[in-house]
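**Q** The following file, my_file.txt, comprises compact mmCIF, C-alpha atoms:
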# COMPACT_ATOMS: atom_id res chain seq x y z
CA MET A 1155 -28.61 -5.20 65.16
CA ALA A 1156 -29.70 -2.81 62.42
CA THR A 1157 -27.19 -0.58 60.64
CA PRO A 1158 -27.73 3.09 61.65
CA ALA A 1159 -29.42 5.26 59.03
CA ILE A 1160 -27.04 7.42 57.01
CA GLN A 1161 -27.45 11.15 57.61
CA ALA A 1162 -28.28 13.37 54.67
CA PRO A 1163 -25.51 15.88 53.94
CA PRO A 1164 -26.21 19.49 54.92
CA GLN A 1165 -27.59 21.71 52.18
CA PHE A 1166 -25.82 24.97 51.38
CA VAL A 1167 -26.18 27.77 48.87
CA THR A 1168 -23.67 28.08 46.03
CA PRO A 1169 -21.63 31.30 46.47
CA PRO A 1170 -22.29 34.10 43.94
CA GLY A 1171 -20.44 33.57 40.67
CA GLN A 1172 -19.48 29.98 41.46
CA PRO A 1173 -20.05 27.61 38.50
CA ASP A 1174 -22.58 24.79 38.71
CA ILE A 1175 -20.26 22.20 40.23
CA GLY A 1176 -20.45 20.13 43.39
CA TYR A 1177 -18.13 17.79 45.23
CA THR A 1178 -19.56 14.72 43.45
CA PRO A 1179 -18.84 15.05 39.70
CA ASP A 1180 -21.82 14.92 37.36
CA HIS A 1181 -20.91 13.56 33.93
CA GLU A 1182 -23.73 15.22 32.03
CA THR A 1183 -22.96 18.61 33.56
CA TYR A 1184 -19.32 18.08 32.65
CA LEU A 1185 -20.09 17.23 29.01
CA SER A 1186 -22.46 20.18 28.76
CA ARG A 1187 -19.76 22.52 30.04
CA VAL A 1188 -17.23 21.04 27.57
CA ARG A 1189 -19.61 21.67 24.64
CA ARG A 1190 -20.50 25.19 25.79
CA ARG A 1191 -16.91 26.27 26.22
CA GLN A 1192 -15.80 24.79 22.91
CA GLU A 1193 -18.66 26.57 21.13
CA THR A 1194 -18.33 29.96 22.82
CA GLU A 1195 -14.64 30.36 23.70
CA THR A 1196 -11.38 30.38 21.81
CA LEU A 1197 -9.37 27.75 23.64
CA GLU A 1198 -5.58 27.66 23.76
CA LYS A 1199 -3.98 25.08 21.46
CA THR A 1200 -0.52 25.01 23.03
CA LEU A 1201 0.93 23.87 26.34
CA PRO A 1202 2.56 26.26 28.81
CA PRO A 1203 6.21 27.02 27.91
CA GLY A 1204 8.52 24.14 28.84
CA PHE A 1205 5.76 21.64 29.57
CA PRO A 1206 6.31 18.29 27.81
CA PRO A 1207 3.85 17.02 25.18
CA ARG A 1208 4.21 13.58 26.76
CA LEU A 1209 5.78 11.98 29.84
CA GLU A 1210 7.60 8.65 29.53
CA SER A 1211 8.07 6.69 32.76
CA GLU A 1212 6.92 3.64 34.70
CA LEU A 1213 4.80 6.18 36.58
CA VAL A 1214 2.68 6.44 33.43
CA TRP A 1215 0.30 3.47 33.49
CA ASP A 1216 -3.21 2.39 32.56
CA GLY A 1217 -4.98 0.68 35.43
CA ASN A 1218 -7.11 -1.35 33.04
CA ASN A 1219 -4.13 -3.54 32.15
CA LEU A 1220 -1.55 -2.71 34.83
CA ALA A 1221 -1.95 -6.06 36.59
CA GLU A 1222 -0.77 -7.84 33.42
CA HIS A 1223 2.78 -6.56 33.91
CA TYR A 1224 3.04 -5.25 37.49
CA ASP A 1225 2.38 -7.17 40.71
CA TRP A 1226 1.66 -4.50 43.31
CA ASP A 1227 1.24 -6.94 46.20
CA TYR A 1228 3.92 -7.93 48.68
CA LYS A 1229 2.63 -10.82 50.78
CA ILE A 1230 4.19 -11.04 54.23
CA THR A 1231 5.93 -14.39 54.71
CA GLU A 1232 6.10 -16.54 57.84
CA GLU A 1233 9.71 -15.42 58.25
CA ASP A 1234 8.62 -11.79 57.97
CA LEU A 1235 5.89 -12.33 60.56
CA GLY A 1236 8.38 -13.78 63.01
CA GLU A 1237 10.64 -10.77 62.60
CA ILE A 1238 7.71 -8.34 62.93
CA GLU A 1239 6.49 -10.03 66.13
CA ALA A 1240 10.02 -9.88 67.58
CA ALA A 1241 10.27 -6.18 66.69
CA LEU A 1242 6.91 -5.54 68.36
CA GLU A 1243 8.07 -7.18 71.57
CA HIS A 1244 11.38 -5.32 71.37
CA PHE A 1245 9.63 -1.96 71.19
CA LYS A 1246 7.15 -2.80 73.95
CA ASN A 1247 10.01 -3.80 76.23
CA LEU A 1248 11.60 -0.37 75.76
CA ASN A 1249 8.60 1.23 77.53
CA GLN A 1250 8.82 4.29 75.29
CA PRO A 1251 5.99 6.44 73.86
CA LEU A 1252 4.88 5.58 70.32
CA GLY A 1253 6.58 8.70 68.99
CA TYR A 1254 9.89 6.88 69.40
CA ILE A 1255 9.02 4.16 66.86
CA ASN A 1256 11.77 4.13 64.24
CA GLN A 1257 14.06 1.73 62.40
CA GLY A 1258 16.22 1.33 65.49
CA THR A 1259 13.46 0.70 68.01
CA PHE A 1260 11.51 -1.53 65.60
CA PRO A 1261 14.37 -3.55 64.06
CA LEU A 1262 13.70 -5.58 60.90
CA SER A 1263 17.18 -6.68 59.86
CA ASN A 1264 16.04 -9.08 57.12
CA LEU A 1265 12.84 -7.35 55.94
CA HIS A 1266 14.54 -3.94 55.88
CA GLU A 1267 16.03 -4.32 52.38
CA THR A 1268 12.67 -5.41 50.97
CA LEU A 1269 11.00 -2.35 52.50
CA ARG A 1270 13.72 -0.05 51.14
CA GLY A 1271 13.05 -1.57 47.72
CA ILE A 1272 9.37 -0.70 48.16
CA SER A 1273 10.34 2.90 48.85
CA LYS A 1274 12.34 3.00 45.61
CA GLU A 1275 9.38 1.49 43.71
CA ILE A 1276 7.09 4.15 45.15
CA HIS A 1277 9.38 7.00 44.09
CA THR A 1278 10.83 5.78 40.79
CA GLY A 1279 8.75 2.77 39.72
CA HIS A 1280 4.98 2.46 39.44
CA GLY A 1281 4.33 4.64 42.47
CA PHE A 1282 2.52 2.29 44.84
CA LYS A 1283 2.74 -1.03 46.65
CA VAL A 1284 0.44 -3.01 48.94
CA ILE A 1285 1.81 -5.06 51.84
CA ARG A 1286 -0.67 -7.83 52.67
CA GLY A 1287 -1.08 -10.11 55.63
CA VAL A 1288 -0.63 -8.15 58.87
CA PRO A 1289 -2.48 -10.32 61.44
CA VAL A 1290 -4.80 -7.59 62.77
CA THR A 1291 -7.09 -9.81 64.84
CA LYS A 1292 -4.14 -11.24 66.77
CA HIS A 1293 -3.24 -7.87 68.28
CA THR A 1294 -4.66 -4.98 70.28
CA ARG A 1295 -5.33 -1.63 68.59
CA GLU A 1296 -2.14 -0.17 70.03
CA GLU A 1297 -0.05 -3.17 68.94
CA ASN A 1298 -1.43 -2.92 65.41
CA ILE A 1299 -0.47 0.74 65.26
CA ILE A 1300 3.03 -0.03 66.56
CA ILE A 1301 3.43 -2.67 63.82
CA TYR A 1302 2.09 -0.26 61.19
CA ALA A 1303 4.35 2.62 62.21
CA GLY A 1304 7.30 0.26 62.60
CA ILE A 1305 6.98 -1.20 59.11
CA ALA A 1306 6.37 2.26 57.65
CA SER A 1307 9.51 3.65 59.31
CA HIS A 1308 11.63 1.36 57.11
CA ILE A 1309 9.93 2.66 53.96
CA ALA A 1310 9.80 6.36 54.84
CA PRO A 1311 11.19 7.34 58.24
CA ILE A 1312 9.67 10.84 58.56
CA ARG A 1313 6.06 11.04 59.75
CA GLY A 1314 3.97 14.11 58.94
CA ARG A 1315 1.77 16.08 61.31
CA GLN A 1316 -1.95 15.69 60.55
CA ASP A 1317 -3.25 17.86 63.38
CA HIS A 1318 -1.77 20.38 65.83
CA GLN A 1319 -3.90 19.41 68.80
CA HIS A 1320 -5.18 16.41 70.72
CA ASP A 1321 -7.80 16.61 73.46
CA GLY A 1322 -7.51 20.40 73.36
CA LYS A 1323 -3.75 20.44 73.93
CA PRO A 1324 -0.92 21.17 71.47
CA ALA A 1325 0.41 17.96 69.94
CA ASP A 1326 2.00 16.51 66.82
CA VAL A 1327 -0.80 14.16 65.77
CA VAL A 1328 0.67 11.86 63.09
CA LEU A 1329 -2.10 9.26 62.73
CA ALA A 1330 -5.62 9.82 61.34
CA HIS A 1331 -8.55 7.41 61.32
CA ILE A 1332 -10.58 7.06 58.11
CA LYS A 1333 -13.98 5.78 59.18
CA ASP A 1334 -17.68 6.52 58.74
CA LEU A 1335 -18.65 8.56 61.79
CA THR A 1336 -22.05 9.76 60.61
CA ALA A 1337 -23.82 7.61 63.20
CA ASP A 1338 -21.86 9.30 65.99
CA VAL A 1339 -21.52 12.97 65.04
CA ASP A 1340 -23.77 15.58 63.45
CA ALA A 1341 -23.40 15.90 59.69
CA SER A 1342 -22.72 19.64 59.99
CA SER A 1343 -19.48 18.89 61.86
CA ILE A 1344 -18.11 16.77 58.98
CA GLY A 1345 -16.08 18.67 56.39
CA ALA A 1346 -14.37 15.79 54.57
CA PRO A 1347 -15.62 12.53 53.02
CA ALA A 1348 -13.09 10.53 55.05
CA TYR A 1349 -15.69 10.46 57.85
CA THR A 1350 -18.62 9.28 55.75
CA ALA A 1351 -19.50 6.20 53.69
CA GLU A 1352 -19.92 8.26 50.53
CA LYS A 1353 -17.93 7.88 47.35
CA GLN A 1354 -14.66 9.81 47.56
CA VAL A 1355 -13.62 11.39 44.26
CA PHE A 1356 -10.10 11.38 42.82
CA HIS A 1357 -7.74 13.70 44.66
CA THR A 1358 -4.38 13.88 46.38
CA ASP A 1359 -3.58 14.35 50.05
CA VAL A 1360 -0.69 16.48 51.32
CA GLY A 1361 2.88 15.23 51.61
CA ASP A 1362 5.05 12.78 49.69
CA ILE A 1363 3.65 9.35 50.61
CA ILE A 1364 0.25 8.24 51.86
CA ALA A 1365 0.14 5.05 53.90
CA LEU A 1366 -3.23 3.44 54.69
CA PHE A 1367 -3.62 0.41 56.97
CA ALA A 1368 -6.90 -1.54 56.95
CA LEU A 1369 -7.97 -2.44 60.47
CA GLY A 1370 -11.39 -3.49 59.19
CA GLU A 1371 -13.32 -4.08 55.95
CA ALA A 1372 -16.74 -2.81 54.94
CA ALA A 1373 -19.67 -5.21 54.68
CA GLU A 1374 -20.04 -4.06 51.07
CA GLY A 1375 -18.12 -1.71 48.74
CA GLY A 1376 -15.29 0.60 49.72
CA GLN A 1377 -12.91 -0.40 46.92
CA SER A 1378 -9.77 1.70 46.64
CA TYR A 1379 -8.95 3.27 43.27
CA LEU A 1380 -5.56 4.55 42.16
CA SER A 1381 -4.82 6.40 38.94
CA SER A 1382 -1.59 7.71 37.42
CA SER A 1383 -1.70 11.51 37.31
CA TRP A 1384 1.05 11.30 34.68
CA LYS A 1385 -1.26 9.24 32.46
CA VAL A 1386 -3.97 11.84 33.01
CA TYR A 1387 -1.52 14.58 32.09
CA ASN A 1388 -0.55 12.85 28.84
CA GLU A 1389 -4.16 12.59 27.72
CA LEU A 1390 -5.06 16.18 28.58
CA ALA A 1391 -1.81 17.50 27.04
CA THR A 1392 -2.76 15.79 23.78
CA LEU A 1393 -6.49 16.52 23.70
CA ARG A 1394 -6.94 19.66 25.80
CA PRO A 1395 -3.72 21.66 26.23
CA ASP A 1396 -5.85 24.61 27.35
CA LEU A 1397 -6.76 22.68 30.51
CA ILE A 1398 -3.08 22.07 31.25
CA ARG A 1399 -2.67 25.85 31.11
CA THR A 1400 -5.62 26.26 33.45
CA LEU A 1401 -4.20 23.75 35.93
CA ALA A 1402 -0.80 25.49 35.88
CA GLU A 1403 -2.31 28.90 36.71
CA PRO A 1404 -3.16 30.12 40.26
CA TRP A 1405 -6.44 28.91 41.80
CA PRO A 1406 -8.35 30.34 44.81
CA TYR A 1407 -7.83 27.58 47.37
CA ASP A 1408 -10.43 27.84 50.16
CA GLU A 1409 -8.92 27.94 53.67
CA PHE A 1410 -12.43 27.61 55.19
CA GLY A 1411 -12.55 30.56 57.52
CA LYS A 1412 -8.96 31.14 58.56
CA ALA A 1413 -9.17 34.69 59.91
CA ASP A 1414 -5.94 36.12 58.46
CA LYS A 1415 -6.03 34.17 55.20
CA PRO A 1416 -9.47 33.21 53.88
CA TYR A 1417 -7.92 31.72 50.75
CA THR A 1418 -4.55 31.07 49.18
CA SER A 1419 -3.68 31.31 45.50
CA ARG A 1420 -1.55 28.61 43.89
CA PRO A 1421 -1.48 26.28 40.87
CA LEU A 1422 -2.63 22.68 40.96
CA LEU A 1423 0.00 21.54 38.44
CA TYR A 1424 3.79 21.85 38.68
CA HIS A 1425 6.40 20.91 36.09
CA GLN A 1426 9.98 20.20 37.17
CA PRO A 1427 12.47 20.04 34.27
CA ALA A 1428 15.23 17.45 34.38
CA THR A 1429 18.43 18.45 36.19
CA ALA A 1430 21.87 16.90 36.57
CA THR A 1431 20.57 14.86 39.52
CA ASP A 1432 16.80 14.49 38.99
CA PRO A 1433 14.64 13.35 36.06
CA GLU A 1434 11.81 15.44 34.64
CA ARG A 1435 8.79 15.33 36.97
CA LEU A 1436 5.21 16.51 37.10
CA ILE A 1437 3.18 17.07 40.27
CA ILE A 1438 -0.58 17.61 40.52
CA GLN A 1439 -1.65 18.48 44.07
CA TYR A 1440 -5.29 19.19 44.90
CA ALA A 1441 -8.41 18.15 46.80
CA ARG A 1442 -11.70 18.92 45.09
CA ARG A 1443 -13.52 19.90 48.28
CA HIS A 1444 -11.36 23.03 48.60
CA PHE A 1445 -13.00 24.35 45.42
CA THR A 1446 -16.55 23.01 45.83
CA GLY A 1447 -17.01 22.64 49.59
CA TYR A 1448 -18.21 19.50 51.34
CA TRP A 1449 -20.98 18.94 53.91
CA GLY A 1450 -20.18 21.07 56.98
CA LEU A 1451 -17.51 23.08 55.12
CA PRO A 1452 -19.28 24.74 52.18
CA ARG A 1453 -17.34 26.87 49.72
CA SER A 1454 -16.75 30.26 51.34
CA ALA A 1455 -18.89 33.05 49.91
CA ASP A 1456 -16.37 35.84 50.54
CA ILE A 1457 -13.56 34.53 48.33
CA PRO A 1458 -13.23 34.53 44.53
CA PRO A 1459 -15.26 31.82 42.79
CA ILE A 1460 -13.52 29.36 40.53
CA THR A 1461 -13.92 29.95 36.79
CA GLU A 1462 -15.78 27.88 34.21
CA ALA A 1463 -12.41 26.72 32.88
CA GLN A 1464 -11.37 25.62 36.36
CA ALA A 1465 -14.68 23.81 36.89
CA GLU A 1466 -14.12 21.91 33.65
CA ALA A 1467 -10.54 21.13 34.62
CA LEU A 1468 -11.66 19.65 37.96
CA ASP A 1469 -14.10 17.34 36.19
CA ALA A 1470 -11.56 16.49 33.49
CA LEU A 1471 -9.09 15.38 36.15
CA HIS A 1472 -11.68 13.18 37.84
CA PHE A 1473 -13.21 11.54 34.77
CA THR A 1474 -9.85 10.97 33.07
CA ALA A 1475 -8.44 9.46 36.27
CA GLU A 1476 -11.54 7.27 36.54
CA LYS A 1477 -11.03 6.07 32.96
CA TYR A 1478 -7.51 4.77 33.69
CA ALA A 1479 -7.87 3.72 37.34
CA ALA A 1480 -6.74 0.48 38.94
CA ALA A 1481 -9.18 -1.05 41.46
CA LEU A 1482 -7.77 -2.50 44.68
CA ASP A 1483 -9.79 -4.36 47.28
CA PHE A 1484 -8.84 -3.20 50.75
CA ARG A 1485 -8.63 -6.30 52.94
CA GLN A 1486 -8.09 -6.35 56.66
CA GLY A 1487 -4.33 -6.41 57.26
CA ASP A 1488 -3.39 -4.54 54.06
CA ILE A 1489 -1.04 -1.57 54.13
CA GLN A 1490 -1.14 0.56 51.00
CA PHE A 1491 1.78 2.91 50.25
CA VAL A 1492 1.18 5.49 47.51
CA ASN A 1493 3.26 8.23 45.92
CA ASN A 1494 1.02 11.23 46.57
CA LEU A 1495 2.97 13.31 44.03
CA SER A 1496 2.22 11.10 41.02
CA ILE A 1497 -0.98 9.20 41.83
CA PHE A 1498 -4.59 10.20 42.44
CA HIS A 1499 -6.67 8.10 44.80
CA ALA A 1500 -10.41 7.63 45.29
CA ARG A 1501 -12.84 5.36 47.09
CA ALA A 1502 -16.13 3.70 46.24
CA GLY A 1503 -19.08 4.26 48.54
CA PHE A 1504 -19.59 1.50 51.07
CA ARG A 1505 -21.93 -0.02 53.63
CA ASP A 1506 -20.90 -1.08 57.12
CA SER A 1507 -22.72 -3.59 59.29
CA ALA A 1508 -22.71 -4.32 62.99
CA ASP A 1509 -19.83 -6.79 62.63
CA LYS A 1510 -18.00 -5.48 59.54
CA GLN A 1511 -16.87 -1.86 59.47
CA ARG A 1512 -14.40 -0.19 57.14
CA HIS A 1513 -11.68 1.33 59.29
CA LEU A 1514 -8.38 2.64 57.93
CA VAL A 1515 -5.58 4.51 59.68
CA ARG A 1516 -3.40 6.92 57.73
CA LEU A 1517 0.16 8.19 57.91
CA TRP A 1518 1.71 10.96 55.78
CA LEU A 1519 5.35 10.02 55.20
CA ARG A 1520 8.59 11.22 53.63
CA ASP A 1521 11.78 9.35 52.75
CA PRO A 1522 14.77 11.73 52.50
CA GLU A 1523 16.79 9.23 50.44
CA HIS A 1524 14.31 9.13 47.56
CA SER A 1525 12.18 12.25 48.11
CA TRP A 1526 11.26 14.57 45.24
CA LYS A 1527 11.94 18.29 45.34
CA THR A 1528 8.93 20.11 46.79
CA PRO A 1529 7.60 22.91 44.53
CA ASP A 1530 8.17 26.36 46.04
CA ALA A 1531 4.44 27.10 46.13
CA LEU A 1532 3.87 23.98 48.27
CA GLN A 1533 6.85 24.36 50.59
CA SER A 1534 4.97 26.09 53.41
CA ARG A 1535 2.32 23.34 53.38
CA TRP A 1536 5.01 20.64 53.48
CA ASP A 1537 6.76 22.47 56.31
CA ARG A 1538 3.54 22.41 58.35
CA LEU A 1539 3.55 18.63 57.93
CA TYR A 1540 7.15 17.67 58.42
CA GLU A 1541 8.98 20.41 60.31
CA ARG A 1542 9.54 20.22 64.08
CA VAL A 1543 7.61 16.98 64.67
CA THR A 1544 9.18 15.65 67.87
CA PRO A 1545 8.89 12.20 69.47
CA GLU A 1546 7.89 13.80 72.77
CA GLN A 1547 4.95 15.68 71.23
CA THR A 1548 3.90 12.90 68.84
CA VAL A 1549 0.44 11.40 69.34
CA PHE A 1550 -1.09 8.32 67.69
CA PRO A 1551 -4.82 8.53 68.58
CA LEU A 1552 -6.19 5.04 69.15
CA GLU A 1553 -9.83 5.95 68.54
CA PRO A 1554 -11.46 7.67 65.52
CA ARG A 1555 -12.09 11.38 65.67
CA ILE A 1556 -12.48 14.18 63.14
CA ARG A 1557 -9.25 16.08 62.56
CA SER A 1558 -9.41 19.82 63.30
CA PRO A 1559 -8.80 20.80 59.62
CA SER A 1560 -11.75 18.61 58.53
CA LYS A 1561 -14.30 19.79 61.08
CA GLY A 1562 -17.40 21.55 59.83
CA GLY A 1563 -19.02 24.68 61.14
CA GLU A 1564 -19.29 24.01 64.83
CA THR A 1565 -19.05 26.52 67.66
CA LEU A 1566 -15.52 27.04 68.93
CA THR A 1567 -14.67 27.38 72.60
CA SER A 1568 -14.72 30.87 74.10
CA GLY A 1569 -12.05 32.58 76.14
CA PRO A 1570 -8.29 33.01 75.64
CA ALA A 1571 -7.89 29.79 73.65
CA GLN A 1572 -10.46 30.77 71.01
CA ALA A 1573 -8.05 32.40 68.58
CA ALA A 1574 -5.59 29.52 68.76
CA GLN A 1575 -8.38 26.98 68.33
CA ALA A 1576 -9.73 28.83 65.31
CA ALA A 1577 -6.31 28.83 63.67
CA GLN A 1578 -5.84 25.13 64.34
CA ALA A 1579 -9.32 24.24 63.15
CA SER A 1580 -8.85 25.97 59.81
CA ALA A 1581 -5.21 25.10 59.13
CA THR A 1582 -4.93 23.36 55.77
CA TYR A 1583 -3.20 19.98 55.52
Mind turning the file's structure into structure tokens?
**A**
Amino acid sequence: MATPAIQAPPQFVTPPGQPDIGYTPDHETYLSRVRRRQETETLEKTLPPGFPPRLESELVWDGNNLAEHYDWDYKITEEDLGEIEAALEHFKNLNQPLGYINQGTFPLSNLHETLRGISKEIHTGHGFKVIRGVPVTKHTREENIIIYAGIASHIAPIRGRQDHQHDGKPADVVLAHIKDLTADVDASSIGAPAYTAEKQVFHTDVGDIIALFALGEAAEGGQSYLSSSWKVYNELATLRPDLIRTLAEPWPYDEFGKADKPYTSRPLLYHQPATATDPERLIIQYARRHFTGYWGLPRSADIPPITEAQAEALDALHFTAEKYAAALDFRQGDIQFVNNLSIFHARAGFRDSADKQRHLVRLWLRDPEHSWKTPDALQSRWDRLYERVTPEQTVFPLEPRIRSPSKGGETLTSGPAQAAQAAQASATY
């Protein structure tokens, strides 16, 4: 059986005033912009007030040599597997909806302490860990998702909302599928690279922790890349303090057609000074597509363009992160847990075949015991994720579909539900 041909991405016109920058970074364009700005502008030589010249922490690492002193794998043991299988049967015997999966309904009395240690490592250590060895092929799709959510509940018990609707009805959708859907849907309906086989550039998601579970591997490619945003900060603070200033200033963040708020204005970079209870922290939170557009969601023409300085800063983040990234092969049965507040992630392009298809499922999580303070400018976004998610309304979709916030320019339904659908479709997560 032949692999379906990959659709070409839709073509769209760059909005007036927008710099020459696309979703996929171009190194020559980046270097040209660096030279032009250094030759024609007077660039700031100092950091914003209070920002540190350098961060010191285990969260600062170079992926080129990280494996020499940090083992990010936790391999599930036979004893662990026995406990996981018993927890699965325990939950199934309760006959409860999946929204009720938690530490009590998925008990792991021995593995629990190990998983709590992983949460501490994610928040205060190197920022990520990979659990390997979930026996995917032994279980149904629903059983795999129960195991995934059950294990995750011991690391971070709060699940975030990734969509407000399911099958046209209000719901707290907490699971998203990351899979190439270009053979099944029109390219114009895709507004995020999660649903293609293309390279995904360095970015962050929303929320505290990203969990990704590999149900299937690609025939070729699809490597996962992680990079310390604190390492990136240190390099830019030393070499280009003007870009740190740019990142700490408000940016026009595209809301892609939300009627009452076409764009929001907020920084990408947040500094949190040390307090009596918390160490000094730095948070970079952004997704490049909200400043460049992507496929079926082009950059809106009726909002302010980004500046040349902001265009350079976007590329500087990507290429510096790429320089210091750690490469992780995603194998079937892996669960990757990542601190979304201190680590960028990216993905290599990949190729699926008839019998090997890359298929991940994602949770956005929070652990109240170890959680970081959310910056004020991000609080409303975090509230949309974590507030008022109820077990009764929780949905774990078993099949891939494009989330409402990532859908491209397709026609919305008419009638009384149109306004609500429009708001849901454009809500930013």
**Q** Could you pull the residues within 6 Å of stretch 1282-1285 of chain A, counting only C-alpha atoms, minus those fewer than 5 positions along the same chain, as a PyMOL selection string?
**A** chain A and resi 1226-1229+1276+1488-1492
**Q** Output C-alpha atoms for every residue in the selection just made, as a short mmCIF file (atom, residue, chain, number, x, y, z; two decimals), in the frame of the given file.
**A**
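Printed below is selection.cif as written:
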data_model
loop_
_atom_site.label_atom_id
_atom_site.label_comp_id
_atom_site.auth_asym_id
_atom_site.auth_seq_id
_atom_site.Cartn_x
_atom_site.Cartn_y
_atom_site.Cartn_z
CA TRP A 1226 1.66 -4.50 43.31
CA ASP A 1227 1.24 -6.94 46.20
CA TYR A 1228 3.92 -7.93 48.68
CA LYS A 1229 2.63 -10.82 50.78
CA ILE A 1276 7.09 4.15 45.15
CA ASP A 1488 -3.39 -4.54 54.06
CA ILE A 1489 -1.04 -1.57 54.13
CA GLN A 1490 -1.14 0.56 51.00
CA PHE A 1491 1.78 2.91 50.25
CA VAL A 1492 1.18 5.49 47.51
#
**Q** Rounded to one decimal in Å, what is the spacing between atom CA of A:Arg1313 and atom CA of A:Val1543?
**A**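 Spanning atom CA of A:Arg1313 to atom CA of A:Val1543 is a straight-line distance of 7.9 Å.
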**Q** To one decimal place, how far is atom CA of A:Ala1455 from atom CA of A:Tyr1407 in Å?
**A**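 Here the two named atoms are 12.6 Å from each other.
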**Q** Could you please determine the separation between atom CA of A:Phe1498 and atom CA of A:Pro1551 in Å, to one decimal place?
**A** 26.2 Å
**Q** Got a sec: who's within 10 Å of stretch 1471-1478 of chain A, counting all atoms listed in the file, leaving out chain neighbours fewer than 3 positions off, as number ranges by chain?
**A** A: 1178-1181, 1184, 1215-1220, 1355-1357, 1379-1387, 1389-1390, 1397, 1401, 1438, 1442, 1466-1468, 1481, 1497-1500
**Q** Please produce a file of the residues just selected, as an mmCIF file, keeping the file's coordinate frame, where the atoms kept are C-alpha atoms.
**A**
data_model
loop_
_atom_site.group_PDB
_atom_site.id
_atom_site.type_symbol
_atom_site.label_atom_id
_atom_site.label_comp_id
_atom_site.auth_asym_id
_atom_site.auth_seq_id
_atom_site.Cartn_x
_atom_site.Cartn_y
_atom_site.Cartn_z
ATOM 1 C CA THR A 1178 -19.560 14.720 43.450
ATOM 2 C CA PRO A 1179 -18.840 15.050 39.700
ATOM 3 C CA ASP A 1180 -21.820 14.920 37.360
ATOM 4 C CA HIS A 1181 -20.910 13.560 33.930
ATOM 5 C CA TYR A 1184 -19.320 18.080 32.650
ATOM 6 C CA TRP A 1215 0.300 3.470 33.490
ATOM 7 C CA ASP A 1216 -3.210 2.390 32.560
ATOM 8 C CA GLY A 1217 -4.980 0.680 35.430
ATOM 9 C CA ASN A 1218 -7.110 -1.350 33.040
ATOM 10 C CA ASN A 1219 -4.130 -3.540 32.150
ATOM 11 C CA LEU A 1220 -1.550 -2.710 34.830
ATOM 12 C CA VAL A 1355 -13.620 11.390 44.260
ATOM 13 C CA PHE A 1356 -10.100 11.380 42.820
ATOM 14 C CA HIS A 1357 -7.740 13.700 44.660
ATOM 15 C CA TYR A 1379 -8.950 3.270 43.270
ATOM 16 C CA LEU A 1380 -5.560 4.550 42.160
ATOM 17 C CA SER A 1381 -4.820 6.400 38.940
ATOM 18 C CA SER A 1382 -1.590 7.710 37.420
ATOM 19 C CA SER A 1383 -1.700 11.510 37.310
ATOM 20 C CA TRP A 1384 1.050 11.300 34.680
ATOM 21 C CA LYS A 1385 -1.260 9.240 32.460
ATOM 22 C CA VAL A 1386 -3.970 11.840 33.010
ATOM 23 C CA TYR A 1387 -1.520 14.580 32.090
ATOM 24 C CA GLU A 1389 -4.160 12.590 27.720
ATOM 25 C CA LEU A 1390 -5.060 16.180 28.580
ATOM 26 C CA LEU A 1397 -6.760 22.680 30.510
ATOM 27 C CA LEU A 1401 -4.200 23.750 35.930
ATOM 28 C CA ILE A 1438 -0.580 17.610 40.520
ATOM 29 C CA ARG A 1442 -11.700 18.920 45.090
ATOM 30 C CA GLU A 1466 -14.120 21.910 33.650
ATOM 31 C CA ALA A 1467 -10.540 21.130 34.620
ATOM 32 C CA LEU A 1468 -11.660 19.650 37.960
ATOM 33 C CA ALA A 1481 -9.180 -1.050 41.460
ATOM 34 C CA ILE A 1497 -0.980 9.200 41.830
ATOM 35 C CA PHE A 1498 -4.590 10.200 42.440
ATOM 36 C CA HIS A 1499 -6.670 8.100 44.800
ATOM 37 C CA ALA A 1500 -10.410 7.630 45.290
#
**Q** Residues at most 7 Å from A:Gln1426, counting all atoms listed in the file, excluding those fewer than 4 positions away in the same chain, as an MDAnalysis selection string?
**A** chainID A and resid 1434:1436
**Q** I'd like a table as JSON lines: residues in stretch 1243-1348 of chain A with an atom no more than 8 Å from stretch 1360-1367 of chain A, each row giving the shortest atom pair and its distance in Å to one decimal, all atoms listed in the file counted, sorted by chain and rising residue number.
**A**
{"residue": "A:Tyr1302", "atom": "CA", "partner": "A:Phe1367", "partner_atom": "CA", "distance": 7.1}
{"residue": "A:Ala1306", "atom": "CA", "partner": "A:Ala1365", "partner_atom": "CA", "distance": 7.8}
{"residue": "A:Gly1314", "atom": "CA", "partner": "A:Gly1361", "partner_atom": "CA", "distance": 7.5}
**Q** Hey, can you spit out that residue selection with C-alpha atoms as a PDB file, keeping the file's coordinate frame?
**A**
ATOM      1  CA  TYR A1302       2.090  -0.260  61.190  1.00  0.00           C
ATOM      2  CA  ALA A1306       6.370   2.260  57.650  1.00  0.00           C
ATOM      3  CA  GLY A1314       3.970  14.110  58.940  1.00  0.00           C
TER       4      GLY A1314
END
**Q** Show which residues sit within 9 Å of A:Pro1206, as a ChimeraX atom specification. Count all atoms listed in the file, and ignore same-chain residues fewer than 3 positions away.
**A** /A:1201-1203,1209,1388,1391,1425
**Q** Would you mind exporting C-alpha atoms of the selected residues as a PDB file, in the coordinates of the input?
**A**
ATOM      1  CA  LEU A1201       0.930  23.870  26.340  1.00  0.00           C
ATOM      2  CA  PRO A1202       2.560  26.260  28.810  1.00  0.00           C
ATOM      3  CA  PRO A1203       6.210  27.020  27.910  1.00  0.00           C
ATOM      4  CA  LEU A1209       5.780  11.980  29.840  1.00  0.00           C
ATOM      5  CA  ASN A1388      -0.550  12.850  28.840  1.00  0.00           C
ATOM      6  CA  ALA A1391      -1.810  17.500  27.040  1.00  0.00           C
ATOM      7  CA  HIS A1425       6.400  20.910  36.090  1.00  0.00           C
TER       8      HIS A1425
END
